[in-house]
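What follows is the content of data_22.cif, which has mmCIF, C-alpha atoms and all ligand atoms:
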```cif
data_my_file
loop_
_atom_site.label_atom_id
_atom_site.label_comp_id
_atom_site.auth_asym_id
_atom_site.auth_seq_id
_atom_site.Cartn_x
_atom_site.Cartn_y
_atom_site.Cartn_z
CA MET A 329 -75.04 36.03 49.05
CA THR A 330 -75.43 35.58 45.33
CA SER A 331 -77.67 38.13 43.68
CA LEU A 332 -78.92 38.67 40.18
CA ALA A 333 -80.41 41.86 38.72
CA ILE A 334 -82.58 41.43 35.62
CA THR A 335 -84.90 43.54 33.53
CA ARG A 336 -88.35 43.48 35.13
CA PRO A 337 -90.05 40.33 33.84
CA ASP A 338 -93.52 39.77 32.34
CA ASP A 339 -95.86 36.84 32.88
CA TRP A 340 -97.17 35.71 29.51
CA HIS A 341 -99.82 33.36 30.94
CA LEU A 342 -101.73 34.24 34.10
CA HIS A 343 -105.11 33.55 35.70
CA LEU A 344 -106.22 36.52 37.78
CA ARG A 345 -109.82 35.37 38.35
CA ASP A 346 -112.22 38.01 39.61
CA GLY A 347 -113.64 39.58 42.78
CA ASP A 348 -112.22 38.45 46.15
CA LEU A 349 -109.90 35.89 44.60
CA MET A 350 -108.36 38.48 42.30
CA ALA A 351 -107.96 40.89 45.23
CA ALA A 352 -106.00 38.19 47.07
CA VAL A 353 -103.65 37.23 44.22
CA LEU A 354 -103.06 40.40 42.18
CA PRO A 355 -100.45 41.93 44.58
CA ASP A 356 -98.19 38.89 44.14
CA THR A 357 -98.03 39.37 40.38
CA VAL A 358 -97.73 43.14 40.54
CA ARG A 359 -94.71 42.94 42.86
CA ARG A 360 -92.80 40.87 40.34
CA PHE A 361 -94.06 41.50 36.84
CA ALA A 362 -94.57 44.63 34.75
CA ARG A 363 -97.21 43.06 32.50
CA ALA A 364 -99.21 39.88 32.28
CA ILE A 365 -101.30 38.17 29.64
CA VAL A 366 -104.57 37.69 31.53
CA MET A 367 -106.48 34.50 30.74
CA PRO A 368 -110.16 34.89 29.77
CA ASN A 369 -111.59 31.70 31.35
CA LEU A 370 -113.94 33.41 33.75
CA ALA A 371 -117.49 32.17 34.19
CA PRO A 372 -118.96 33.38 31.88
CA PRO A 373 -115.86 33.62 29.64
CA VAL A 374 -114.49 36.87 28.22
CA THR A 375 -115.61 36.53 24.60
CA THR A 376 -115.90 40.14 23.44
CA ALA A 377 -113.80 43.30 23.44
CA LYS A 378 -116.43 44.89 25.65
CA ALA A 379 -116.15 42.13 28.26
CA ALA A 380 -112.34 42.35 28.08
CA ALA A 381 -112.45 46.11 28.67
CA SER A 382 -114.73 45.68 31.64
CA TYR A 383 -112.55 42.89 33.11
CA ARG A 384 -109.49 45.11 32.58
CA ASN A 385 -111.19 47.90 34.52
CA ARG A 386 -111.82 45.51 37.40
CA VAL A 387 -108.10 44.60 37.40
CA LEU A 388 -107.05 48.26 37.30
CA ALA A 389 -109.44 49.11 40.14
CA LEU A 390 -107.58 46.69 42.42
CA LEU A 391 -104.09 48.01 41.64
CA PRO A 392 -102.24 50.10 44.21
CA ALA A 393 -102.30 53.80 43.25
CA GLU A 394 -98.58 53.94 42.40
CA SER A 395 -98.62 50.77 40.27
CA ASP A 396 -97.78 50.87 36.57
CA PHE A 397 -98.67 47.20 36.07
CA GLN A 398 -100.30 46.54 32.69
CA PRO A 399 -102.89 43.78 32.30
CA LEU A 400 -102.82 42.56 28.70
CA MET A 401 -106.27 41.18 28.02
CA THR A 402 -107.27 38.16 25.94
CA LEU A 403 -110.45 36.88 24.30
CA TYR A 404 -111.84 33.38 24.76
CA LEU A 405 -112.35 31.67 21.42
CA THR A 406 -115.68 29.88 20.93
CA ASP A 407 -117.33 28.13 17.99
CA ASP A 408 -119.21 31.39 17.43
CA THR A 409 -116.29 33.84 17.47
CA GLY A 410 -116.45 35.69 14.17
CA PRO A 411 -114.24 38.11 12.21
CA ARG A 412 -116.12 41.05 13.69
CA ASP A 413 -115.28 39.98 17.26
CA ILE A 414 -111.62 39.93 16.25
CA THR A 415 -111.68 43.33 14.54
CA GLU A 416 -113.37 44.87 17.56
CA ALA A 417 -110.75 43.29 19.82
CA VAL A 418 -107.89 44.63 17.72
CA ASP A 419 -109.48 48.08 17.47
CA SER A 420 -109.94 48.24 21.25
CA GLY A 421 -106.15 48.26 21.69
CA LEU A 422 -106.66 46.31 24.93
CA VAL A 423 -106.71 42.75 23.60
CA PHE A 424 -103.33 41.17 22.90
CA ALA A 425 -104.25 37.57 22.08
CA VAL A 426 -107.06 35.06 21.71
CA LYS A 427 -107.13 31.84 23.72
CA LEU A 428 -108.14 28.48 22.33
CA TYR A 429 -109.49 26.02 24.88
CA PRO A 430 -110.65 22.79 23.31
CA ALA A 431 -114.14 22.31 24.82
CA GLY A 432 -113.88 20.31 28.03
CA ALA A 433 -110.06 20.33 28.21
CA THR A 434 -109.71 22.17 31.52
CA THR A 435 -111.15 24.61 34.07
CA HIS A 436 -113.99 26.70 32.58
CA SER A 437 -113.48 25.34 29.10
CA ASP A 438 -117.08 24.21 28.52
CA ALA A 439 -117.67 27.14 26.19
CA GLY A 440 -114.46 26.32 24.29
CA VAL A 441 -114.07 25.21 20.71
CA THR A 442 -115.63 21.91 19.60
CA ASP A 443 -114.31 22.05 16.04
CA LEU A 444 -111.56 24.46 15.04
CA SER A 445 -112.71 24.60 11.44
CA ARG A 446 -115.69 26.63 12.70
CA CYS A 447 -113.25 29.39 13.71
CA HIS A 448 -111.42 29.59 10.41
CA ASP A 449 -112.65 33.06 9.44
CA ALA A 450 -111.83 34.52 12.85
CA LEU A 451 -108.37 32.93 12.77
CA ALA A 452 -107.74 34.31 9.29
CA VAL A 453 -108.48 37.84 10.54
CA MET A 454 -106.16 37.25 13.49
CA ALA A 455 -103.38 36.16 11.13
CA GLU A 456 -103.92 39.30 9.08
CA ALA A 457 -103.91 41.55 12.16
CA GLY A 458 -100.92 39.85 13.83
CA LEU A 459 -103.06 38.91 16.86
CA PRO A 460 -101.60 35.73 18.41
CA LEU A 461 -103.58 32.58 19.12
CA LEU A 462 -102.74 31.05 22.51
CA VAL A 463 -103.34 27.35 22.55
CA HIS A 464 -104.25 24.99 25.37
CA GLY A 465 -102.72 22.03 23.59
CA GLU A 466 -104.56 18.94 24.72
CA VAL A 467 -107.11 16.76 22.94
CA THR A 468 -110.18 15.95 24.97
CA ASP A 469 -110.88 12.53 23.49
CA PRO A 470 -111.46 10.35 26.59
CA GLU A 471 -109.92 7.39 24.74
CA VAL A 472 -106.56 9.15 24.71
CA ASP A 473 -104.37 8.53 27.76
CA ILE A 474 -104.07 11.71 29.79
CA PHE A 475 -100.27 11.71 29.45
CA ASP A 476 -100.55 11.57 25.64
CA ARG A 477 -103.07 14.35 25.15
CA GLU A 478 -100.50 17.02 24.29
CA LYS A 479 -98.73 14.82 21.74
CA GLN A 480 -102.04 13.91 20.12
CA PHE A 481 -103.04 17.56 19.99
CA ILE A 482 -99.90 18.36 18.01
CA GLU A 483 -100.68 15.68 15.46
CA ARG A 484 -104.42 16.20 15.16
CA ILE A 485 -104.85 19.96 15.57
CA LEU A 486 -101.71 22.05 15.89
CA ALA A 487 -99.56 20.82 13.01
CA PRO A 488 -102.43 21.21 10.51
CA LEU A 489 -103.28 24.66 11.91
CA VAL A 490 -99.70 25.90 11.59
CA ASP A 491 -99.77 24.89 7.91
CA THR A 492 -103.29 26.11 7.11
CA LEU A 493 -102.62 29.63 8.36
CA PRO A 494 -98.92 30.18 7.71
CA SER A 495 -98.87 33.74 9.05
CA LEU A 496 -100.87 33.12 12.25
CA LYS A 497 -98.80 33.77 15.37
CA ILE A 498 -99.27 30.89 17.79
CA VAL A 499 -98.17 30.37 21.37
CA PHE A 500 -98.23 26.74 22.45
CA GLU A 501 -99.05 27.39 26.10
CA HIS A 502 -97.52 25.55 29.06
CA VAL A 503 -95.63 22.92 27.08
CA THR A 504 -95.04 19.75 29.07
CA THR A 505 -93.46 17.19 26.75
CA ALA A 506 -90.35 16.57 24.68
CA ASP A 507 -92.77 16.25 21.75
CA ALA A 508 -94.03 19.80 22.23
CA VAL A 509 -90.50 21.16 22.56
CA ASP A 510 -89.47 19.37 19.36
CA PHE A 511 -92.54 20.64 17.57
CA VAL A 512 -91.83 24.26 18.49
CA THR A 513 -88.13 24.12 17.68
CA SER A 514 -88.81 22.60 14.26
CA SER A 515 -91.77 24.87 13.42
CA ARG A 516 -92.03 27.82 11.11
CA ALA A 517 -91.44 31.39 12.33
CA GLY A 518 -94.27 32.75 14.48
CA VAL A 519 -94.67 29.64 16.65
CA ALA A 520 -93.51 29.97 20.27
CA ALA A 521 -94.25 28.43 23.68
CA THR A 522 -94.65 29.34 27.31
CA ILE A 523 -93.19 27.27 30.14
CA THR A 524 -94.52 27.09 33.73
CA PRO A 525 -92.43 26.68 36.88
CA GLN A 526 -94.13 23.41 37.83
CA HIS A 527 -93.32 21.71 34.55
CA ILE A 528 -89.59 22.36 34.96
CA LEU A 529 -89.43 21.70 38.73
CA LEU A 530 -91.73 18.68 39.16
CA ASN A 531 -92.47 15.41 37.44
CA ARG A 532 -95.46 13.11 37.72
CA ASN A 533 -94.00 11.25 40.71
CA ASP A 534 -94.43 14.48 42.65
CA LEU A 535 -98.20 14.15 42.23
CA PHE A 536 -98.04 11.10 44.49
CA GLU A 537 -95.19 11.95 46.87
CA GLY A 538 -96.23 10.10 50.04
CA GLY A 539 -99.91 10.37 49.04
CA LEU A 540 -102.15 12.23 46.60
CA ARG A 541 -101.05 15.87 46.23
CA PRO A 542 -103.98 17.90 44.93
CA HIS A 543 -102.04 21.17 45.02
CA ARG A 544 -99.65 19.80 42.41
CA PHE A 545 -102.48 18.94 40.04
CA CYS A 546 -102.73 21.13 36.98
CA LEU A 547 -103.53 20.68 33.31
CA PRO A 548 -101.67 19.67 31.31
CA VAL A 549 -100.82 17.21 34.07
CA LEU A 550 -97.18 16.81 35.19
CA LYS A 551 -95.25 14.42 32.98
CA ALA A 552 -92.46 11.84 33.29
CA GLU A 553 -88.93 12.91 34.21
CA ARG A 554 -87.59 12.76 30.65
CA HIS A 555 -90.22 15.27 29.58
CA ARG A 556 -89.45 17.56 32.54
CA GLN A 557 -85.83 17.52 31.45
CA ALA A 558 -86.70 18.34 27.84
CA VAL A 559 -88.87 21.28 28.89
CA LEU A 560 -86.20 22.54 31.29
CA GLU A 561 -83.59 22.31 28.53
CA ALA A 562 -85.84 24.38 26.27
CA ALA A 563 -86.33 26.99 28.99
CA VAL A 564 -82.61 27.41 29.65
CA SER A 565 -81.56 27.02 26.00
CA GLY A 566 -81.64 30.71 25.18
CA ASP A 567 -83.96 29.93 22.23
CA PRO A 568 -86.19 33.02 21.88
CA ARG A 569 -89.23 30.86 21.07
CA PHE A 570 -89.53 29.85 24.74
CA PHE A 571 -90.63 32.30 27.41
CA LEU A 572 -92.07 32.64 30.88
CA GLY A 573 -95.76 31.99 31.54
CA THR A 574 -96.51 30.92 35.08
CA ASP A 575 -100.06 29.69 34.44
CA SER A 576 -100.57 30.65 38.07
CA ALA A 577 -104.14 29.39 38.58
CA PRO A 578 -105.57 29.96 42.06
CA HIS A 579 -108.46 27.91 43.35
CA PRO A 580 -109.91 27.98 46.86
CA LYS A 581 -108.38 25.28 49.07
CA SER A 582 -111.80 23.66 49.48
CA ARG A 583 -112.13 23.25 45.70
CA LYS A 584 -108.69 21.62 45.39
CA GLU A 585 -109.07 19.29 48.38
CA SER A 586 -112.28 17.79 47.14
CA ASP A 587 -113.83 14.65 45.72
CA CYS A 588 -113.30 16.18 42.27
CA GLY A 589 -110.45 18.64 42.76
CA CYS A 590 -109.85 21.53 40.35
CA ALA A 591 -106.78 21.70 38.11
CA GLY A 592 -104.48 24.64 38.76
CA ILE A 593 -101.35 25.52 40.73
CA TYR A 594 -100.93 28.90 42.39
CA SER A 595 -97.39 30.18 41.81
CA ALA A 596 -97.65 33.97 41.54
CA HIS A 597 -96.30 34.36 45.11
CA ALA A 598 -92.94 33.13 43.74
CA GLY A 599 -93.53 33.74 40.05
CA ILE A 600 -89.92 34.63 39.23
CA GLU A 601 -88.15 33.02 42.21
CA LEU A 602 -89.17 29.48 41.20
CA TYR A 603 -87.67 29.95 37.76
CA ALA A 604 -84.49 31.39 39.34
CA GLU A 605 -84.17 28.21 41.33
CA ALA A 606 -84.62 25.97 38.29
CA PHE A 607 -82.21 28.01 36.16
CA ALA A 608 -79.62 28.11 38.98
CA ASP A 609 -79.85 24.34 39.44
CA ALA A 610 -79.30 23.92 35.71
CA GLY A 611 -76.25 26.20 35.92
CA ARG A 612 -77.90 28.68 33.56
CA LEU A 613 -78.87 31.68 35.66
CA ASP A 614 -77.24 33.80 32.97
CA ARG A 615 -80.16 32.89 30.67
CA LEU A 616 -82.98 33.75 33.08
CA GLU A 617 -83.27 37.36 32.00
CA ALA A 618 -83.80 36.61 28.31
CA PHE A 619 -86.39 33.91 29.12
CA ALA A 620 -88.27 36.01 31.68
CA SER A 621 -87.90 39.53 30.33
CA HIS A 622 -86.95 39.60 26.64
CA HIS A 623 -88.31 36.71 24.56
CA GLY A 624 -92.00 37.23 25.33
CA ALA A 625 -91.97 40.97 24.71
CA ASP A 626 -90.14 40.41 21.44
CA PHE A 627 -92.67 37.78 20.32
CA TYR A 628 -95.61 40.08 21.11
CA ASP A 629 -93.87 43.05 19.43
CA LEU A 630 -93.98 45.01 22.67
CA PRO A 631 -91.12 47.04 24.13
CA ARG A 632 -88.94 45.34 26.71
CA ASN A 633 -89.43 46.71 30.23
CA ARG A 634 -87.13 49.41 31.53
CA GLY A 635 -87.17 48.70 35.28
CA ARG A 636 -85.13 46.03 37.02
CA VAL A 637 -85.67 43.54 39.82
CA THR A 638 -83.04 41.87 41.97
CA LEU A 639 -83.11 38.24 43.02
CA ILE A 640 -81.10 37.03 45.99
CA GLU A 641 -80.13 33.50 46.90
CA ASP A 642 -81.58 33.55 50.39
CA PRO A 643 -83.96 30.72 51.29
CA TRP A 644 -87.42 31.58 52.64
CA ARG A 645 -90.36 29.53 53.80
CA VAL A 646 -93.52 29.70 51.73
CA PRO A 647 -96.62 30.31 53.88
CA ASP A 648 -99.05 27.42 54.33
CA ARG A 649 -101.93 29.53 53.05
CA ILE A 650 -102.78 32.81 51.42
CA GLU A 651 -106.00 34.24 52.82
CA VAL A 652 -108.77 35.33 50.48
CA PRO A 653 -111.22 38.05 51.62
CA GLY A 654 -114.49 36.32 52.45
CA GLY A 655 -112.98 33.40 54.34
CA GLU A 656 -111.45 31.14 51.69
CA SER A 657 -107.71 30.50 51.31
CA ILE A 658 -105.27 29.35 48.63
CA VAL A 659 -102.48 26.82 49.14
CA PRO A 660 -99.50 28.16 47.20
CA PHE A 661 -96.85 26.15 45.33
CA ARG A 662 -94.26 24.80 47.83
CA ALA A 663 -96.54 25.67 50.78
CA GLY A 664 -94.69 25.17 54.07
CA ARG A 665 -91.43 24.45 52.25
CA THR A 666 -88.43 26.44 51.17
CA ILE A 667 -87.68 28.39 48.00
CA ARG A 668 -84.02 29.23 47.65
CA TRP A 669 -84.32 32.53 45.80
CA ARG A 670 -86.20 35.59 46.91
CA LEU A 671 -87.01 38.96 45.48
CA ASP A 672 -85.07 41.84 47.00
CA ARG A 673 -87.52 44.12 48.81
CA SER A 674 -85.40 47.25 48.53
O1 LIG B 701 -104.32 23.66 35.59
C1 LIG B 701 -104.93 24.49 34.94
N1 LIG B 701 -105.68 25.44 35.53
N2 LIG B 701 -104.87 24.44 33.62
C2 LIG B 701 -105.63 25.22 32.85
O2 LIG B 701 -105.54 25.10 31.66
C3 LIG B 701 -106.61 26.16 33.44
C4 LIG B 701 -106.22 26.52 34.78
C5 LIG B 701 -107.33 27.20 35.56
O3 LIG B 701 -107.97 28.10 35.02
O4 LIG B 701 -107.52 26.85 36.73
ZN ZN B 702 -103.76 28.60 32.08
#
```
Could you render the structure as structure tokens?
Ligand code: DOR
Ligand code: ZN
Amino acid sequence: MTSLAITRPDDWHLHLRDGDLMAAVLPDTVRRFARAIVMPNLAPPVTTAKAAASYRNRVLALLPAESDFQPLMTLYLTDDTGPRDITEAVDSGLVFAVKLYPAGATTHSDAGVTDLSRCHDALAVMAEAGLPLLVHGEVTDPEVDIFDREKQFIERILAPLVDTLPSLKIVFEHVTTADAVDFVTSSRAGVAATITPQHILLNRNDLFEGGLRPHRFCLPVLKAERHRQAVLEAAVSGDPRFFLGTDSAPHPKSRKESDCGCAGIYSAHAGIELYAEAFADAGRLDRLEAFASHHGADFYDLPRNRGRVTLIEDPWRVPDRIEVPGGESIVPFRAGRTIRWRLDRS
């Protein structure tokens, strides 16, 4: 059996939710990752250092006693976020980034930003403090085709922002297009991107494989094959500007299989294994460690992890469901099918 030992990875983009849902999903992340950037799109959103500290305590309360997992908290940017909110976040020592959701772009983004110029002062303080801005890079203009929303975001919002605040650290989250990859690789220093497993393993045909597949629906939506290939190439390129962010986003099965199904794919149950499969298929397993365990920590100016995990090429069947206390369940990525790599339990 082929095996691969790597430095323990981190997940630089994760939705942990809250309450029963968090209790159901947190063990999957903790088994694999040493740290995770925890998204703030709760309802109501995490907009202050105080709310981030309280959310962090709820995460810590659900960790097994022996766990050294570190939740790295984020703030949710709104039109009303001011310099003081940022200073308090930095001073707390618990907030590692601020997330920009354009209002209406995705799940729980109603309180997001309607006009980025309203946030200029807050962003300037972030640039000064070295606090990264994490960007959901899609325009919300209903006139724009859903497959073009990332490209339009680059032109209308991101490129001007990168120039206006030349020292602001920016992570272009879950990039899905060749355009986004090109933008990041040709950008100034301080601009990086996360890549999800679904955007390197699936293309938009997979949304309709034999019928409508709600559990493969996420935002940004899956793209055409040429874009999948461009994003995969970026992931396996060894370029330190690209790093792992699962965007694991659990929703109850009933909310996905619905007249108006939620966006989000749950992948934390195989949060490193899915990447191992994609890297192995691309013949670039040798570059998995840097992508999963080095580049993100370096970008965030955090130490690389000391521990190691071992991956083994040994196919396993993903369960059909993950039960949530209280009666709901989650349908995980690849439910009922095989993943070729698994985490060594020893
Ligand atoms: O598919 C998604 N789900 N994309 C997002 O941006 C948000 C996420 C969620 O919170 O469910
Ligand atoms: Zn997300």
Take every atom of region 340-350 of chain A listed in the file, pad by 6 Å on each side, and give me the axis-aligned box centre and edge lengths in Å, one decimal, as JSON.
```
{"center_x": -105.4, "center_y": 36.5, "center_z": 37.8, "size_x": 28.5, "size_y": 18.2, "size_z": 28.6}
```
Please give me, as a VMD selection string, the residues lying within 10 Å of ligand ZN 702 (chain B) when counting all atoms listed in the file. chain A and resid 341 to 343 366 to 369 427 429 434 to 435 462 to 464 501 to 502 524 546 to 548 573 to 577 591 to 593
Produce a file of the selected residues containing C-alpha atoms, as an mmCIF file, keeping the file's coordinate frame.
```
data_model
loop_
_atom_site.group_PDB
_atom_site.id
_atom_site.type_symbol
_atom_site.label_atom_id
_atom_site.label_comp_id
_atom_site.auth_asym_id
_atom_site.auth_seq_id
_atom_site.Cartn_x
_atom_site.Cartn_y
_atom_site.Cartn_z
ATOM 1 C CA HIS A 341 -99.820 33.360 30.940
ATOM 2 C CA LEU A 342 -101.730 34.240 34.100
ATOM 3 C CA HIS A 343 -105.110 33.550 35.700
ATOM 4 C CA VAL A 366 -104.570 37.690 31.530
ATOM 5 C CA MET A 367 -106.480 34.500 30.740
ATOM 6 C CA PRO A 368 -110.160 34.890 29.770
ATOM 7 C CA ASN A 369 -111.590 31.700 31.350
ATOM 8 C CA LYS A 427 -107.130 31.840 23.720
ATOM 9 C CA TYR A 429 -109.490 26.020 24.880
ATOM 10 C CA THR A 434 -109.710 22.170 31.520
ATOM 11 C CA THR A 435 -111.150 24.610 34.070
ATOM 12 C CA LEU A 462 -102.740 31.050 22.510
ATOM 13 C CA VAL A 463 -103.340 27.350 22.550
ATOM 14 C CA HIS A 464 -104.250 24.990 25.370
ATOM 15 C CA GLU A 501 -99.050 27.390 26.100
ATOM 16 C CA HIS A 502 -97.520 25.550 29.060
ATOM 17 C CA THR A 524 -94.520 27.090 33.730
ATOM 18 C CA CYS A 546 -102.730 21.130 36.980
ATOM 19 C CA LEU A 547 -103.530 20.680 33.310
ATOM 20 C CA PRO A 548 -101.670 19.670 31.310
ATOM 21 C CA GLY A 573 -95.760 31.990 31.540
ATOM 22 C CA THR A 574 -96.510 30.920 35.080
ATOM 23 C CA ASP A 575 -100.060 29.690 34.440
ATOM 24 C CA SER A 576 -100.570 30.650 38.070
ATOM 25 C CA ALA A 577 -104.140 29.390 38.580
ATOM 26 C CA ALA A 591 -106.780 21.700 38.110
ATOM 27 C CA GLY A 592 -104.480 24.640 38.760
ATOM 28 C CA ILE A 593 -101.350 25.520 40.730
#
```
Could you jot down the CA of Ser586 (chain A) to CA of Asp473 (chain A) separation for me, Å, one decimal place? 22.9 Å
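For region 626-639 of chain A, the non-local neighbours within 7 Å, defined as residues at least 2 positions apart in the same chain or in other chains and counting only C-alpha atoms, are Ser331, Leu332, Ala333, Ile334, Thr335, Arg336, Ser621, His622, His623, Gly624, Glu641, Trp669, Arg670, Leu671 and Asp672 of chain A.
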With all atoms listed in the file as the basis for distance, which of A:Val453, A:Met329, A:Cys590, A:Leu572 is at the shortest distance from ligand LIG 701 (chain B)? A:Cys590
Between A:Leu354, A:Val549, A:Leu459, A:Ala381, single out the one closest to ligand LIG 701 (chain B), counting all atoms listed in the file.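 Closest to ligand LIG 701 (chain B), using all atoms listed in the file: A:Val549.
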Write out as a count of residues only which residues come within 12 Å of region 538-544 of chain A when counting all atoms listed in the file, dropping same-chain ones fewer than 5 positions away. 39
When you count all atoms listed in the file, which of these residues is closest to ligand LIG 701 (chain B): A:Glu561, A:Asp609, A:Asp567, A:Asp346?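 Distance minimum relative to ligand LIG 701 (chain B) lands on A:Asp346.
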Nearest to ligand LIG 701 (chain B) among A:Ala455, A:Ala508, A:Ile482, A:Val503, with distances taken over all atoms listed in the file: which residue is it?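 For ligand LIG 701 (chain B), the nearest of the given residues is A:Val503.
The interatomic distance for the pair CA of Ile640 (chain A) and CA of Leu602 (chain A) works out to 12.0 Å.
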Gap from CA of Phe536 (chain A) to CA of Arg477 (chain A) - Å, one decimal: 20.2 Å
Can you list, as a JSON list (two decimals) with C-alpha atoms, in the coordinates of the input, every protein, DNA or RNA residue that comes within 10 Å of Arg412 (chain A) when you count all atoms listed in the file, leaving out same-chain residues fewer than 5 positions away?
```json
[["chain", "number", "residue", "atom", "x", "y", "z"],
["A", 376, "THR", "CA", -115.90, 40.14, 23.44],
["A", 417, "ALA", "CA", -110.75, 43.29, 19.82],
["A", 418, "VAL", "CA", -107.89, 44.63, 17.72],
["A", 449, "ASP", "CA", -112.65, 33.06, 9.44],
["A", 450, "ALA", "CA", -111.83, 34.52, 12.85],
["A", 453, "VAL", "CA", -108.48, 37.84, 10.54]]
```
Proximity to ligand LIG 701 (chain B) - best of A:Leu400, A:Arg363, A:Ser437, A:Leu405, only C-alpha atoms and all ligand atoms: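 Among the listed residues, the smallest separation from ligand LIG 701 (chain B) belongs to A:Ser437.
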Mind checking which residues fall within 12 Å of Ala452 (chain A), counting all atoms listed in the file, ignoring those fewer than 5 positions away in the same chain, and posting them as a compact mmCIF listing (two decimals) with C-alpha atoms, in the frame of the given file?
```
# COMPACT_ATOMS: atom_id res chain seq x y z
CA THR A 409 -116.29 33.84 17.47
CA GLY A 410 -116.45 35.69 14.17
CA PRO A 411 -114.24 38.11 12.21
CA ARG A 412 -116.12 41.05 13.69
CA ILE A 414 -111.62 39.93 16.25
CA THR A 415 -111.68 43.33 14.54
CA SER A 445 -112.71 24.60 11.44
CA ARG A 446 -115.69 26.63 12.70
CA CYS A 447 -113.25 29.39 13.71
CA ALA A 457 -103.91 41.55 12.16
CA GLY A 458 -100.92 39.85 13.83
CA LEU A 459 -103.06 38.91 16.86
CA PRO A 460 -101.60 35.73 18.41
CA LEU A 461 -103.58 32.58 19.12
CA LEU A 489 -103.28 24.66 11.91
CA VAL A 490 -99.70 25.90 11.59
CA THR A 492 -103.29 26.11 7.11
CA LEU A 493 -102.62 29.63 8.36
CA PRO A 494 -98.92 30.18 7.71
CA SER A 495 -98.87 33.74 9.05
CA LEU A 496 -100.87 33.12 12.25
CA LYS A 497 -98.80 33.77 15.37
```
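Proximity ranking of A:Leu422, A:Leu370, A:Ala364, A:Ala351 relative to Pro392 (chain A) places A:Ala351 first, based on all atoms listed in the file.
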Using all atoms listed in the file and a cutoff of 12 Å, can you tell me which residues are near (-106.4, 13.7, 17.8) in the file's coordinates, and write them out as JSON, numbers by chain? {"A": [430, 443, 465, 466, 467, 468, 469, 470, 471, 472, 473, 476, 477, 478, 479, 480, 481, 482, 483, 484, 485, 486, 487, 488]}
Since fewer atoms than expected are present, regenerate N, CA, C and O atoms for region 414-424 of chain A and write them as a tab-separated table (two decimals), keeping the file's coordinate frame.
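Dumped everything to result.tsv:
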```
chain	number	residue	atom	x	y	z
A	414	ILE	N	-113.08	39.75	16.29
A	414	ILE	CA	-111.62	39.93	16.25
A	414	ILE	C	-111.29	41.38	15.91
A	414	ILE	O	-110.44	42.01	16.55
A	415	THR	N	-111.97	41.93	14.91
A	415	THR	CA	-111.68	43.33	14.54
A	415	THR	C	-111.96	44.25	15.72
A	415	THR	O	-111.18	45.17	15.99
A	416	GLU	N	-113.07	44.01	16.40
A	416	GLU	CA	-113.37	44.87	17.56
A	416	GLU	C	-112.30	44.74	18.64
A	416	GLU	O	-111.93	45.71	19.29
A	417	ALA	N	-111.80	43.51	18.81
A	417	ALA	CA	-110.75	43.29	19.82
A	417	ALA	C	-109.48	44.04	19.44
A	417	ALA	O	-108.86	44.71	20.27
A	418	VAL	N	-109.10	43.94	18.18
A	418	VAL	CA	-107.89	44.63	17.72
A	418	VAL	C	-108.08	46.14	17.86
A	418	VAL	O	-107.22	46.85	18.39
A	419	ASP	N	-109.23	46.63	17.42
A	419	ASP	CA	-109.48	48.08	17.47
A	419	ASP	C	-109.50	48.61	18.90
A	419	ASP	O	-109.21	49.78	19.14
A	420	SER	N	-109.87	47.78	19.85
A	420	SER	CA	-109.94	48.24	21.25
A	420	SER	C	-108.56	48.62	21.78
A	420	SER	O	-108.43	49.43	22.69
A	421	GLY	N	-107.51	48.00	21.21
A	421	GLY	CA	-106.15	48.26	21.69
A	421	GLY	C	-105.86	47.62	23.04
A	421	GLY	O	-104.76	47.75	23.57
A	422	LEU	N	-106.84	46.90	23.59
A	422	LEU	CA	-106.66	46.31	24.93
A	422	LEU	C	-106.47	44.81	24.89
A	422	LEU	O	-106.10	44.19	25.88
A	423	VAL	N	-106.75	44.22	23.72
A	423	VAL	CA	-106.71	42.75	23.60
A	423	VAL	C	-105.44	42.36	22.84
A	423	VAL	O	-105.20	42.82	21.73
A	424	PHE	N	-104.65	41.48	23.45
A	424	PHE	CA	-103.33	41.17	22.90
A	424	PHE	C	-103.22	39.75	22.36
A	424	PHE	O	-102.20	39.38	21.79
```
